[in-house]
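**Student:** Following this line is query21.cif, made up of mmCIF, C-alpha atoms:
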data_structure
loop_
_atom_site.label_atom_id
_atom_site.label_comp_id
_atom_site.auth_asym_id
_atom_site.auth_seq_id
_atom_site.Cartn_x
_atom_site.Cartn_y
_atom_site.Cartn_z
CA MET S 466 0.00 0.00 0.00
CA LYS S 467 1.45 3.38 -1.00
CA GLN S 468 2.24 5.64 1.93
CA HIS S 469 0.36 8.90 2.41
CA LYS S 470 2.21 11.88 0.90
CA LEU S 471 3.36 14.29 3.58
CA HIS S 472 4.27 17.95 3.40
CA ILE S 473 7.86 18.28 4.64
CA PHE S 474 9.61 21.64 5.14
CA ILE S 475 13.40 21.56 5.45
CA LEU S 476 15.52 24.48 6.60
CA ALA S 477 19.13 23.63 5.76
CA LEU S 478 22.52 25.23 6.15
CA PRO S 479 23.75 24.28 2.63
CA ARG S 480 22.00 26.17 -0.14
CA PHE S 481 20.26 24.20 -2.85
CA ASP S 482 22.65 25.42 -5.57
CA ALA S 483 25.89 25.07 -3.58
CA GLU S 484 28.89 23.84 -5.57
CA VAL S 485 29.49 20.92 -3.22
CA GLU S 486 27.00 18.07 -2.82
CA SER S 487 25.31 18.18 0.59
CA THR S 488 23.58 15.66 2.82
CA SER S 489 20.71 18.09 3.42
CA TYR S 490 19.79 18.63 -0.21
CA THR S 491 20.30 14.96 -1.06
CA ILE S 492 17.89 13.92 1.70
CA ALA S 493 15.40 16.50 0.41
CA ARG S 494 15.61 15.11 -3.12
CA TYR S 495 15.08 11.54 -1.99
CA LEU S 496 12.16 12.44 0.29
CA ALA S 497 10.60 14.31 -2.64
CA LYS S 498 10.23 11.03 -4.52
CA ASP S 499 7.33 10.14 -2.23
CA HIS S 500 6.37 13.40 -0.50
CA PHE S 501 5.88 17.13 -1.08
CA VAL S 502 9.13 18.76 0.03
CA TYR S 503 9.82 22.48 0.50
CA TYR S 504 13.51 23.31 0.90
CA ILE S 505 13.88 26.63 2.72
CA ASP S 506 17.00 28.27 1.34
CA ASN S 507 19.52 29.40 3.96
CA PRO S 508 18.71 33.13 4.27
CA PHE S 509 21.16 35.64 2.85
CA THR S 510 21.92 38.68 4.98
CA ILE S 511 21.73 42.25 3.74
CA LYS S 512 25.54 42.35 3.92
CA ASP S 513 25.73 39.21 1.73
CA TYR S 514 23.46 40.88 -0.79
CA LEU S 515 25.39 44.15 -0.97
CA ARG S 516 28.73 42.38 -1.31
CA ASN S 517 27.65 39.79 -3.87
CA ARG S 518 24.59 41.22 -5.60
CA HIS S 519 26.02 40.51 -9.07
CA SER S 520 26.88 36.88 -8.32
CA ALA S 521 24.97 34.07 -10.03
CA GLN S 522 23.40 33.02 -6.72
CA MET S 523 22.03 36.49 -6.04
CA VAL S 524 20.86 37.12 -9.59
CA ARG S 525 19.00 33.81 -9.54
CA ARG S 526 17.17 34.78 -6.35
CA GLN S 527 16.62 38.45 -7.16
CA PRO S 528 13.00 38.08 -8.36
CA HIS S 529 12.12 36.08 -5.23
CA PHE S 530 13.71 38.00 -2.34
CA PHE S 531 11.16 40.77 -2.06
CA ASN S 532 7.93 39.16 -3.25
CA ALA S 533 6.27 36.47 -1.14
CA ALA S 534 3.88 35.65 -3.99
CA ASN S 535 6.93 34.77 -6.12
CA CYS S 536 9.12 33.09 -3.50
CA ILE S 537 9.06 29.57 -4.97
CA ILE S 538 11.72 28.19 -7.33
CA ASP S 539 10.84 24.99 -9.16
CA THR S 540 13.38 22.18 -9.46
CA ASP S 541 13.79 19.22 -11.80
CA LEU S 542 11.66 17.19 -9.37
CA PRO S 543 7.94 18.10 -9.49
CA ASP S 544 7.44 17.69 -5.72
CA LEU S 545 10.59 19.52 -4.60
CA LYS S 546 10.25 23.29 -4.32
CA ILE S 547 12.72 25.89 -3.08
CA ILE S 548 11.42 28.65 -0.80
CA VAL S 549 13.54 31.79 -1.08
CA PRO S 550 13.29 33.74 2.19
CA PRO S 551 13.68 37.51 2.42
CA LEU S 552 17.01 39.11 3.28
CA VAL S 553 17.77 39.22 7.00
CA GLY S 554 19.96 41.37 9.22
CA SER S 555 23.65 40.62 9.78
CA LEU S 556 23.94 39.76 13.47
CA ASN S 557 26.93 37.51 14.00
CA PHE S 558 29.20 40.40 15.00
CA LEU S 559 27.13 40.84 18.17
CA ALA S 560 28.11 39.18 21.43
CA GLU S 561 25.97 36.31 22.64
CA GLY S 562 23.29 37.68 24.95
CA THR S 563 19.95 39.43 25.21
CA LEU S 564 20.51 41.90 22.34
CA TYR S 565 21.56 39.17 19.89
CA ARG S 566 18.66 36.91 20.86
CA SER S 567 16.15 39.76 20.56
CA LEU S 568 17.33 40.73 17.07
CA LEU S 569 17.50 37.07 16.04
CA LYS S 570 13.77 36.82 16.79
CA ILE S 571 13.21 39.58 14.21
CA ASN S 572 15.19 37.64 11.59
CA GLU S 573 13.27 34.48 12.44
CA ARG S 574 9.98 36.36 12.18
CA LEU S 575 10.89 37.55 8.65
CA VAL S 576 11.63 34.02 7.47
CA ARG S 577 8.67 32.55 9.38
CA LYS S 578 6.32 35.00 7.67
CA ARG S 579 7.53 33.76 4.28
CA VAL S 580 6.97 30.12 5.29
CA ALA S 581 3.55 30.98 6.74
CA TYR S 582 2.61 32.58 3.42
CA VAL S 583 3.45 29.37 1.55
CA LEU S 584 1.51 27.30 4.07
CA LYS S 585 -1.58 29.50 3.70
CA GLU S 586 -1.33 29.95 -0.06
CA ARG S 587 -1.08 26.18 -0.61
CA GLY S 588 -3.63 25.25 2.03
CA ILE S 589 -1.14 23.23 4.10
CA THR S 590 -2.23 22.71 7.71
CA ASP S 591 -0.41 19.48 8.54
CA PHE S 592 3.34 19.38 7.97
CA ILE S 593 6.70 18.12 9.24
CA PHE S 594 9.60 20.50 9.85
CA ILE S 595 13.23 19.38 9.65
CA ASN S 596 16.01 21.72 10.68
CA SER S 597 18.93 20.24 8.75
CA PHE S 598 21.92 21.60 10.67
CA ASN S 599 20.82 25.24 10.34
CA PHE S 600 21.28 25.95 14.04
CA HIS S 601 21.33 29.70 13.32
CA TYR S 602 17.50 29.76 13.45
CA PRO S 603 16.41 27.71 16.47
CA GLY S 604 13.03 29.44 16.86
CA LEU S 605 11.90 29.51 13.24
CA MET S 606 8.86 27.28 13.83
CA ASP S 607 7.61 29.09 16.94
CA GLY S 608 3.90 29.68 16.36
CA LEU S 609 3.62 27.59 13.18
CA HIS S 610 2.97 24.33 15.07
CA PRO S 611 4.39 21.61 12.81
CA ARG S 612 3.06 18.15 13.49
CA LEU S 613 6.64 16.94 14.01
CA GLN S 614 9.83 18.94 14.56
CA VAL S 615 13.15 17.24 13.80
CA TYR S 616 16.76 18.36 14.17
CA HIS S 617 19.15 16.73 11.69
CA CYS S 618 22.67 17.01 13.12
CA ILE S 619 25.09 16.48 10.24
CA ASP S 620 28.49 17.69 11.42
CA PRO S 621 30.32 18.88 14.49
CA MET S 622 30.35 22.64 14.94
CA ILE S 623 33.90 23.73 14.10
CA MET S 624 34.25 27.26 12.76
CA PRO S 625 34.42 30.17 15.23
CA PHE S 626 31.72 31.97 13.20
CA ASP S 627 29.31 29.08 13.80
CA ARG S 628 30.29 28.38 17.40
CA LYS S 629 29.91 32.01 18.51
CA HIS S 630 26.12 31.67 18.76
CA GLY S 631 25.62 28.17 17.43
CA VAL S 632 26.53 26.36 20.64
CA VAL S 633 23.63 28.02 22.45
CA SER S 634 21.27 27.80 19.46
CA GLU S 635 21.92 24.13 18.77
CA ALA S 636 21.26 23.25 22.42
CA LEU S 637 17.89 25.01 22.12
CA LEU S 638 17.12 23.09 18.92
CA VAL S 639 18.02 19.71 20.39
CA LYS S 640 15.89 20.37 23.45
CA LYS S 641 12.77 21.55 21.59
CA SER S 642 12.83 18.94 18.80
CA ASP S 643 10.58 15.90 18.94
CA CYS S 644 13.52 13.85 17.75
CA VAL S 645 17.14 14.28 16.66
CA ILE S 646 18.83 12.36 13.83
CA CYS S 647 22.64 12.32 13.68
CA THR S 648 24.96 11.28 10.85
CA ALA S 649 27.79 10.04 13.11
CA ARG S 650 27.77 7.82 16.18
CA GLN S 651 29.84 10.32 18.18
CA LEU S 652 27.27 13.05 17.46
CA TYR S 653 24.54 10.57 18.42
CA GLU S 654 26.20 9.89 21.78
CA GLU S 655 26.51 13.62 22.46
CA LYS S 656 22.95 14.61 21.52
CA LYS S 657 21.32 11.63 23.21
CA LYS S 658 22.40 13.08 26.56
CA GLU S 659 20.33 16.19 25.75
CA ASN S 660 17.39 14.51 23.99
CA PRO S 661 16.64 10.80 24.59
CA SER S 662 14.78 10.62 21.25
CA THR S 663 18.04 10.71 19.28
CA PHE S 664 18.90 8.33 16.43
CA PHE S 665 21.89 7.45 14.25
CA VAL S 666 21.46 7.41 10.45
CA PRO S 667 24.86 7.67 8.70
CA ASN S 668 25.58 9.27 5.35
CA ALA S 669 25.64 7.23 2.15
CA ALA S 670 26.24 7.78 -1.56
CA ASP S 671 24.37 8.17 -4.82
CA ILE S 672 25.62 4.91 -6.29
CA THR S 673 23.66 5.41 -9.49
CA HIS S 674 25.90 8.42 -10.20
CA SER S 675 29.33 7.39 -8.92
CA SER S 676 29.02 3.89 -10.45
CA LYS S 677 29.06 5.50 -13.91
CA ALA S 678 32.83 5.48 -13.42
CA ASN S 679 32.70 1.73 -14.12
CA ASP S 680 31.43 2.27 -17.67
CA PRO S 681 34.26 1.33 -20.08
CA ALA S 682 32.94 3.88 -22.58
CA LEU S 683 33.18 6.81 -20.16
CA PRO S 684 36.23 8.98 -20.93
CA ILE S 685 38.44 10.13 -18.07
CA ALA S 686 37.86 13.74 -17.01
CA ALA S 687 39.68 16.27 -19.16
CA VAL S 688 41.32 17.90 -16.11
CA LEU S 689 43.36 14.70 -15.65
CA GLU S 690 44.57 14.32 -19.23
CA ASN S 691 47.92 16.05 -18.62
CA ILE S 692 48.57 14.39 -15.27
CA PRO S 693 50.37 11.07 -15.74
CA GLY S 694 49.41 8.04 -13.68
CA PRO S 695 49.40 6.47 -11.27
CA ARG S 696 47.04 9.12 -9.89
CA ILE S 697 46.24 9.18 -6.19
CA GLY S 698 43.06 11.24 -5.95
CA TYR S 699 41.07 13.19 -3.39
CA LEU S 700 37.67 14.76 -4.11
CA GLY S 701 36.24 17.38 -1.75
CA ASN S 702 37.08 20.49 0.20
CA ILE S 703 40.79 20.95 0.82
CA GLU S 704 40.75 22.60 4.23
CA ARG S 705 41.07 22.24 7.99
CA ARG S 706 40.31 18.52 8.27
CA MET S 707 43.26 17.41 6.13
CA ASN S 708 46.35 15.92 7.79
CA TYR S 709 48.96 17.91 5.86
CA ASP S 710 51.92 16.60 7.84
CA LEU S 711 51.00 13.01 6.99
CA LEU S 712 50.26 13.93 3.38
CA GLY S 713 53.58 15.73 3.01
CA GLU S 714 55.49 12.67 4.17
CA VAL S 715 53.47 10.32 1.97
CA ILE S 716 53.82 12.51 -1.12
CA ARG S 717 57.56 13.03 -0.69
CA ASN S 718 58.09 9.29 -0.23
CA ASN S 719 56.05 8.40 -3.33
CA THR S 720 57.52 10.54 -6.08
CA GLY S 721 56.51 7.98 -8.70
CA GLU S 722 52.84 8.79 -8.14
CA ASN S 723 50.94 12.02 -8.76
CA PHE S 724 48.53 13.28 -6.12
CA VAL S 725 45.42 15.04 -7.42
CA PHE S 726 43.22 17.24 -5.20
CA ALA S 727 39.89 18.08 -6.78
CA GLY S 728 37.79 20.68 -5.01
CA PRO S 729 37.92 24.18 -3.55
CA ASN S 730 40.94 24.84 -1.37
CA ASP S 731 41.16 27.16 1.61
CA PRO S 732 44.52 28.99 1.75
CA GLU S 733 43.90 29.73 5.42
CA TYR S 734 44.51 26.06 6.23
CA VAL S 735 46.59 24.74 3.34
CA PRO S 736 50.31 25.30 4.13
CA ASP S 737 52.36 27.14 1.51
CA TRP S 738 54.83 24.29 1.11
CA PHE S 739 52.01 21.96 0.08
CA TYR S 740 51.40 23.95 -3.12
CA LYS S 741 55.08 23.60 -4.08
CA LEU S 742 55.31 19.81 -4.03
CA PRO S 743 56.14 18.79 -7.64
CA ASN S 744 53.83 15.76 -7.75
CA VAL S 745 50.76 17.56 -6.35
CA PHE S 746 48.06 18.89 -8.69
CA PHE S 747 44.95 20.98 -7.94
CA THR S 748 42.00 20.90 -10.33
CA GLY S 749 39.69 23.32 -8.54
CA SER S 750 35.99 22.60 -8.07
CA ILE S 751 34.54 19.84 -10.25
CA PRO S 752 30.85 19.91 -11.33
CA TYR S 753 28.87 17.08 -9.79
CA ALA S 754 28.02 15.74 -13.25
CA GLN S 755 31.74 15.20 -13.95
CA MET S 756 32.43 13.31 -10.72
CA PRO S 757 32.32 9.79 -12.26
CA ALA S 758 34.77 10.75 -15.02
CA LEU S 759 37.10 12.23 -12.43
CA MET S 760 36.97 9.17 -10.19
CA LYS S 761 37.57 6.89 -13.16
CA GLY S 762 40.93 8.61 -13.51
CA PHE S 763 41.93 7.89 -9.90
CA ASP S 764 44.05 4.75 -9.49
CA VAL S 765 43.60 5.06 -5.72
CA ALA S 766 41.20 7.34 -3.81
CA ILE S 767 42.20 8.77 -0.45
CA ILE S 768 40.62 10.36 2.63
CA PRO S 769 43.57 11.86 4.56
CA PHE S 770 41.75 13.48 7.51
CA LYS S 771 43.33 14.39 10.81
CA LYS S 772 42.52 12.16 13.75
CA ASP S 773 41.00 14.39 16.41
CA ALA S 774 37.84 14.97 18.44
CA VAL S 775 36.14 16.62 15.48
CA SER S 776 37.06 14.07 12.82
CA LYS S 777 35.72 11.13 14.76
CA THR S 778 32.25 12.60 14.21
CA ILE S 779 32.65 12.74 10.40
CA PHE S 780 30.92 10.23 8.13
CA PRO S 781 32.12 11.44 4.71
CA LEU S 782 29.92 11.13 1.63
CA LYS S 783 32.96 10.55 -0.55
CA LEU S 784 33.77 7.24 1.15
CA PHE S 785 30.89 5.35 -0.46
CA GLU S 786 31.13 7.37 -3.67
CA TYR S 787 34.72 6.15 -4.04
CA LEU S 788 33.62 2.56 -3.40
CA GLY S 789 30.68 2.91 -5.78
CA ALA S 790 33.14 4.04 -8.45
CA GLY S 791 35.12 0.84 -7.81
CA ARG S 792 38.22 2.69 -6.62
CA PRO S 793 40.59 1.26 -4.00
CA VAL S 794 40.31 3.50 -0.93
CA VAL S 795 43.01 4.43 1.57
CA ALA S 796 42.04 6.55 4.59
CA THR S 797 43.43 7.62 7.91
CA ASP S 798 41.81 6.04 10.96
CA PHE S 799 40.01 9.29 11.84
CA ASN S 800 36.65 7.66 12.65
CA PRO S 801 36.73 4.12 14.12
CA ASP S 802 33.01 3.63 13.33
CA LEU S 803 33.58 3.55 9.56
CA ALA S 804 35.07 0.05 9.51
CA GLU S 805 31.70 -1.30 10.68
CA PHE S 806 30.22 -0.20 7.36
CA THR S 807 33.13 -0.96 5.02
CA GLY S 808 34.56 -4.22 6.38
CA ASP S 809 37.85 -5.16 4.73
CA THR S 810 37.35 -3.04 1.62
CA VAL S 811 39.05 0.11 2.95
CA ALA S 812 42.55 0.44 4.40
CA TYR S 813 42.48 2.61 7.54
CA CYS S 814 45.97 3.84 8.42
CA ALA S 815 47.45 5.28 11.60
CA ASP S 816 50.57 6.91 10.14
CA ALA S 817 52.34 7.96 6.95
CA ALA S 818 54.26 4.68 6.60
CA SER S 819 51.14 2.51 6.65
CA PHE S 820 49.34 5.01 4.39
CA SER S 821 52.11 4.73 1.79
CA GLN S 822 52.16 0.97 2.09
CA ALA S 823 48.39 0.78 1.57
CA ILE S 824 48.60 2.96 -1.55
CA ASN S 825 51.31 0.79 -3.07
CA ASP S 826 49.47 -2.40 -2.15
CA ALA S 827 46.35 -1.07 -3.90
CA LEU S 828 48.35 -0.15 -7.01
CA GLN S 829 50.07 -3.52 -7.23
CA ASN S 830 47.54 -6.02 -5.91
CA ASP S 831 44.07 -4.88 -6.88
CA THR S 832 41.86 -7.63 -8.35
CA PRO S 833 38.39 -7.97 -9.90
CA GLU S 834 37.30 -9.74 -6.70
CA LYS S 835 38.35 -6.79 -4.55
CA ARG S 836 36.60 -4.42 -6.91
CA ALA S 837 33.41 -6.49 -6.71
CA ALA S 838 33.60 -6.42 -2.91
CA ARG S 839 33.86 -2.62 -2.95
CA LEU S 840 30.84 -2.31 -5.21
CA GLN S 841 28.88 -4.63 -2.94
CA VAL S 842 29.67 -2.51 0.11
CA ALA S 843 28.65 0.62 -1.79
CA GLN S 844 25.34 -0.99 -2.74
CA GLN S 845 24.67 -1.66 0.94
CA ASN S 846 25.17 2.01 1.80
CA THR S 847 22.94 3.89 -0.63
CA TRP S 848 20.82 6.97 -0.06
CA ASP S 849 17.75 4.86 -0.85
CA ASP S 850 18.47 2.74 2.23
CA ARG S 851 19.39 5.69 4.44
CA VAL S 852 16.31 7.71 3.53
CA LYS S 853 14.12 4.69 4.28
CA SER S 854 15.70 4.60 7.76
CA PHE S 855 15.27 8.37 8.06
CA TYR S 856 11.60 8.18 7.09
CA ALA S 857 10.99 5.21 9.42
CA ILE S 858 11.99 7.45 12.33
CA LEU S 859 9.64 10.20 11.16
CA ASP S 860 6.85 7.66 10.76
CA ARG S 861 7.45 6.32 14.26
CA PHE S 862 6.91 9.74 15.79
CA LEU S 863 3.95 10.54 13.57
#
Mind converting the file's structure to structure tokens?

**Tutor:**
Amino acid sequence: MKQHKLHIFILALPRFDAEVESTSYTIARYLAKDHFVYYIDNPFTIKDYLRNRHSAQMVRRQPHFFNAANCIIDTDLPDLKIIVPPLVGSLNFLAEGTLYRSLLKINERLVRKRVAYVLKERGITDFIFINSFNFHYPGLMDGLHPRLQVYHCIDPMIMPFDRKHGVVSEALLVKKSDCVICTARQLYEEKKKENPSTFFVPNAADITHSSKANDPALPIAAVLENIPGPRIGYLGNIERRMNYDLLGEVIRNNTGENFVFAGPNDPEYVPDWFYKLPNVFFTGSIPYAQMPALMKGFDVAIIPFKKDAVSKTIFPLKLFEYLGAGRPVVATDFNPDLAEFTGDTVAYCADAASFSQAINDALQNDTPEKRAARLQVAQQNTWDDRVKSFYAILDRFL
């Protein structure tokens, strides 16, 4: 029997047209296969608008910012709509306290009014609200009375900008939510102390996309054409989480391989010497559509994250995307929970020596049987399965 279609409103931190694939928008897309989903775009501030008003993101939203009757953007999925909220005030410079919280209520009221308009205009009286890691707006639903209020905790809070007010705001969200869903076991253990109705649903991968890398007819991405193999590849943000000391040692000790880093890089965290290594190549951001062709050009895929209190809460999307593309994967042992989901298909390494050894073993000893095992693990960790688990929790509380 087909389940009843629900109205689900999702306020997320990642914007729907962000360059990097996000858990929040992926969950929204999968839920929209069976339900009516409204993805509330992370509000831009007035300062954002003035600084970037000619950017593609701003131009795209320009007709929708100031007109509630025209605040909906259609997507390629008929039941997934984007709600563009109005511009809000820039508040993060303020100290945590009464003034900040009072002005935040004004920002929340502006966004809430836009959501309330959509609810009224579409005759929606019964809906679910999911705050997908947008802890900046803990009181957005006050007065709108969703049937179920969920907090989706996706990552640890790291950046000083987020922590300044986010620590207080997230605690409020966890407390007022009917249930909390976390993407990492460490996050689950933390939030369960604050809200007993907390659950663990890890990230997964869009295997239908990454598995295109296994198509013999697919050409390797053009950005790799002038980089000789073997290519040791990383796809994702090149920033704070990376273990540059380990990488430097591995790269210097493996001059016969070329190391490719595909994604935006943050000069604040990437050391200068890293850019000067002769066998390191940066491709910049890669469109999501080109991801399979890029991964096809990786002889080995790596996840070289630092091992610290933050990293042990990370359940990276790229892990299962790599496996779905059939690539051998070498990672640091940053999150001990990952082995439960990958078995013997991924090499988790404690130091540079074992990391290098694992790369060379993958280059020399990969087999069709090992490749098949990786694909099987990827097929057991798909977004289809995760969203079913996600929805089962919603259904339980409904």

**Student:** Written as an NGL selection string, what is the full residue list that the PyMOL selection byres ((chain S and resi 793) around 9) yields on the file shown?

**Tutor:** :S and (763-767 or 787-788 or 791-792 or 794-795 or 810-812 or 824 or 827-828 or 831 or 835-836 or 839)

**Student:** Could you check the closest approach to Pro667 of chain S for each of S:Asn679, S:Asn830, S:Thr648, S:Asn846 and tell me which residue wins, using only C-alpha atoms?

**Tutor:**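 Smallest separation from Pro667 of chain S among the options: S:Thr648.
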
**Student:** Could you jot down the atom CA of Asn557 of chain S to atom CA of His630 of chain S separation for me, Å, one decimal place?

**Tutor:**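 Calculated distance between atom CA of Asn557 of chain S and atom CA of His630 of chain S is 7.6 Å.
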
**Student:** By how many Å are atom CA of Asn668 of chain S and atom CA of Lys470 of chain S apart?

**Tutor:**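 Computing the Euclidean distance for atom CA of Asn668 of chain S and atom CA of Lys470 of chain S yields 23.9 Å.
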
**Student:** Which polymer residues have any atom within 9 Å of an atom of Leu638 of chain S, counting only C-alpha atoms, with same-chain residues fewer than 5 positions away left out, as a PyMOL selection string?

**Tutor:** chain S and resi 596+600+602-604+615-616+633

**Student:** Selected by the PyMOL selection byres ((chain S and resi 610-613) around 6) in the shown coordinates: which residues, as a VMD selection string?

**Tutor:** chain S and resid 592 to 593 608 to 609 614

**Student:** Nearest residue to Arg705 of chain S out of S:Ala686, S:Val775, S:Ile538, S:Val666, using only C-alpha atoms?

**Tutor:**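 Checking each candidate against Arg705 of chain S, we get S:Val775 as the closest.
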
**Student:** Suppose a student applies the PyMOL selection byres ((chain S and resi 858) around 10) to this structure; what residues should they get, written as a PyMOL selection string?

**Tutor:** chain S and resi 615+644-646+662-664+666+852-857+859-863

**Student:** Can you tell me how far atom CA of Gly789 of chain S sits from atom CA of Arg696 of chain S, in Å to one decimal?

**Tutor:**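 Calculated distance between atom CA of Gly789 of chain S and atom CA of Arg696 of chain S is 18.0 Å.
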
**Student:** S:Gly713, S:Pro769, S:Pro550, S:Pro543: which is nearest Arg526 of chain S, counting only C-alpha atoms?

**Tutor:** S:Pro550

**Student:** In terms of the shortest atom-to-atom distance over all atoms listed in the file, which of S:Ser597, S:Ser567, S:Asn507, S:Ser776 is closest to Ile473 of chain S?

**Tutor:**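 Of all the options, S:Ser597 lies closest to Ile473 of chain S.
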
**Student:** Counting all atoms listed in the file, which residue out of S:His472, S:Phe501, S:Val639, S:Phe747 sits closest to His617 of chain S?

**Tutor:**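 Among S:His472, S:Phe501, S:Val639, S:Phe747, it is S:Val639 that comes nearest to His617 of chain S.
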
**Student:** Near Glu704 of chain S, within 9 Å and counting all atoms listed in the file, which residues show up once chain neighbours fewer than 3 positions away are dropped, as a ChimeraX atom specification?

**Tutor:** /S:707,729-735

**Student:** Could you write out the selected residues, including C-alpha atoms, as a PDB file, keeping the file's coordinate frame?

**Tutor:**
ATOM      1  CA  MET S 707      43.260  17.410   6.130  1.00  0.00           C
ATOM      2  CA  PRO S 729      37.920  24.180  -3.550  1.00  0.00           C
ATOM      3  CA  ASN S 730      40.940  24.840  -1.370  1.00  0.00           C
ATOM      4  CA  ASP S 731      41.160  27.160   1.610  1.00  0.00           C
ATOM      5  CA  PRO S 732      44.520  28.990   1.750  1.00  0.00           C
ATOM      6  CA  GLU S 733      43.900  29.730   5.420  1.00  0.00           C
ATOM      7  CA  TYR S 734      44.510  26.060   6.230  1.00  0.00           C
ATOM      8  CA  VAL S 735      46.590  24.740   3.340  1.00  0.00           C
TER       9      VAL S 735
END
